[in-house]
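Everything on this sheet refers to the single structure shown next.
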Amino acid sequence: MSTADDARPAGLRERKKAQTRAALSWAAVRLAVERGLENVRVDDIAAEVGVSARTFNNYFSSKGEAIAARHLDRARRIEAELRARPADEPLWDALTAAVLAPFAPVPGTETRTGTDEQWTAGARLMVTEPALQHELVRASAAGEDALAEAIAERTGTDAGRDLYPRLVAAAVGAAIRTCTQQWLRDDRPEPLAPLLGEAMGRLAAGLPPPIHH
């Protein structure tokens, strides 16, 4: 059998695993929003997806980790989007496009916020539920580490030794967290993406003080 023939089943298996992981994560978010985090068991999440609790444990160590996976997956998509940007594109232009890509509305799922309602509910849960804070911090750190590696490759720096890529990744992570918290707190009627775009523009400009008229 050829290498290509071997790759197809392997690729299919990986896609199915990714789909199961995402389904479990969304089920954890949905049930926690509906019932309250303390009223959701791993067995409930697994049953929602039609798998066993053992299968759940193959993907996540806890329901909190399953919920925070939505944040981590979005961070990993930002990393992937940055790696896919043209090599000659200015760094902050590429970063802004990469950050905004996961927040673009999916056709057919637009809401008053311009984002998926499940993500909105999950984001609100993650920033308000004390029991999830540890998992959210872990997910944020992992996402920033991955982004720092991509920034290092793009700028010819070393994410393990140089300050720059980690500083930029941390600034981007802080911008996303701050915008998300403000957007949820203000119950904004417009999409999150414009607020993120504004924040990224301010970072790119060096965070100059606002001008008051």
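Labels for the structure tokens follow display order: chains A, B, ..., residues from 1 in each chain, ligands from 1.
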
Worksheet entry | All helix (DSSP H, G or I) residues (DSSP, backbone) inside chain A, as a ChimeraX atom specification | /A:3-35,37-39,42-49,53-59,63-84,91-103,117-128,130-155,163-186,192-204

Identify, on the basis of only C-alpha atoms, every residue whose closest approach to range 49-62 of chain A does not exceed 8 Å; exclude the query and any residue fewer than 3 positions from it along the same chain; express the result as a tab-separated table (two decimals) with N, CA and C atoms, in the first residue's frame.
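This is the output file around.tsv:
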```tsv
chain	number	residue	atom	x	y	z
A	20	THR	N	-14.66	14.67	17.75
A	20	THR	CA	-15.13	14.18	19.05
A	20	THR	C	-14.69	15.12	20.16
A	21	ARG	N	-13.45	15.57	20.11
A	21	ARG	CA	-12.94	16.48	21.13
A	21	ARG	C	-13.77	17.77	21.15
A	23	ALA	N	-16.82	18.19	20.03
A	23	ALA	CA	-18.19	17.89	20.46
A	23	ALA	C	-18.27	17.77	21.98
A	24	LEU	N	-17.29	17.13	22.59
A	24	LEU	CA	-17.27	17.00	24.05
A	24	LEU	C	-17.11	18.37	24.71
A	27	ALA	N	-20.33	20.28	24.37
A	27	ALA	CA	-21.34	19.70	25.26
A	27	ALA	C	-21.10	20.14	26.70
A	42	VAL	N	-19.09	14.38	34.40
A	42	VAL	CA	-18.43	13.88	33.19
A	42	VAL	C	-19.35	12.91	32.46
A	43	ASP	N	-20.05	12.06	33.20
A	43	ASP	CA	-20.97	11.11	32.56
A	43	ASP	C	-22.04	11.84	31.75
A	45	ILE	N	-21.74	14.78	30.23
A	45	ILE	CA	-21.11	15.31	29.02
A	45	ILE	C	-20.91	14.21	28.00
A	46	ALA	N	-20.39	13.07	28.45
A	46	ALA	CA	-20.15	11.94	27.55
A	46	ALA	C	-21.45	11.46	26.93
A	65	GLU	N	-11.40	21.47	32.10
A	65	GLU	CA	-10.47	21.45	30.98
A	65	GLU	C	-11.24	21.38	29.66
A	66	ALA	N	-12.33	20.62	29.64
A	66	ALA	CA	-13.14	20.51	28.42
A	66	ALA	C	-13.73	21.87	28.04
```

Worksheet item: Residues at most 6 Å from range 28-32 of chain A, counting only C-alpha atoms, excluding those fewer than 3 positions away in the same chain, as JSON, numbers by chain?
Response: {"A": [25, 35, 36, 37, 45, 67, 122]}

Fill in: Which of A:Asn39, A:Thr128, A:Ser140, A:Gln19 sits closest to Leu184 in chain A [using only C-alpha atoms]
A:Thr128

Discussion item. Quick one: residues within 7 Å of range 72-84 of chain A, only C-alpha atoms, excluding same-chain residues fewer than 4 positions away - as a list in words?
Written reply: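 Returned residues: Ala68, Ala94, Leu95, Ala98, Val99, Pro102, Ala139, Ser140, Gly143, Ala146, Leu147 and Ala150 of chain A.
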
Using only C-alpha atoms, please write the residues we just selected to a file, as a tab-separated table (two decimals), in the first residue's frame.
```tsv
chain	number	residue	atom	x	y	z
A	68	ALA	CA	-11.45	25.83	28.60
A	94	ALA	CA	-0.40	39.77	10.10
A	95	LEU	CA	-1.14	39.50	13.81
A	98	ALA	CA	-4.79	36.32	12.56
A	99	VAL	CA	-6.50	37.52	15.74
A	102	PRO	CA	-11.55	33.23	14.55
A	139	ALA	CA	-5.25	27.40	28.37
A	140	SER	CA	-4.17	31.03	27.97
A	143	GLY	CA	-2.02	29.52	23.62
A	146	ALA	CA	2.24	28.58	20.72
A	147	LEU	CA	1.76	32.12	19.43
A	150	ALA	CA	4.99	31.49	15.53
```
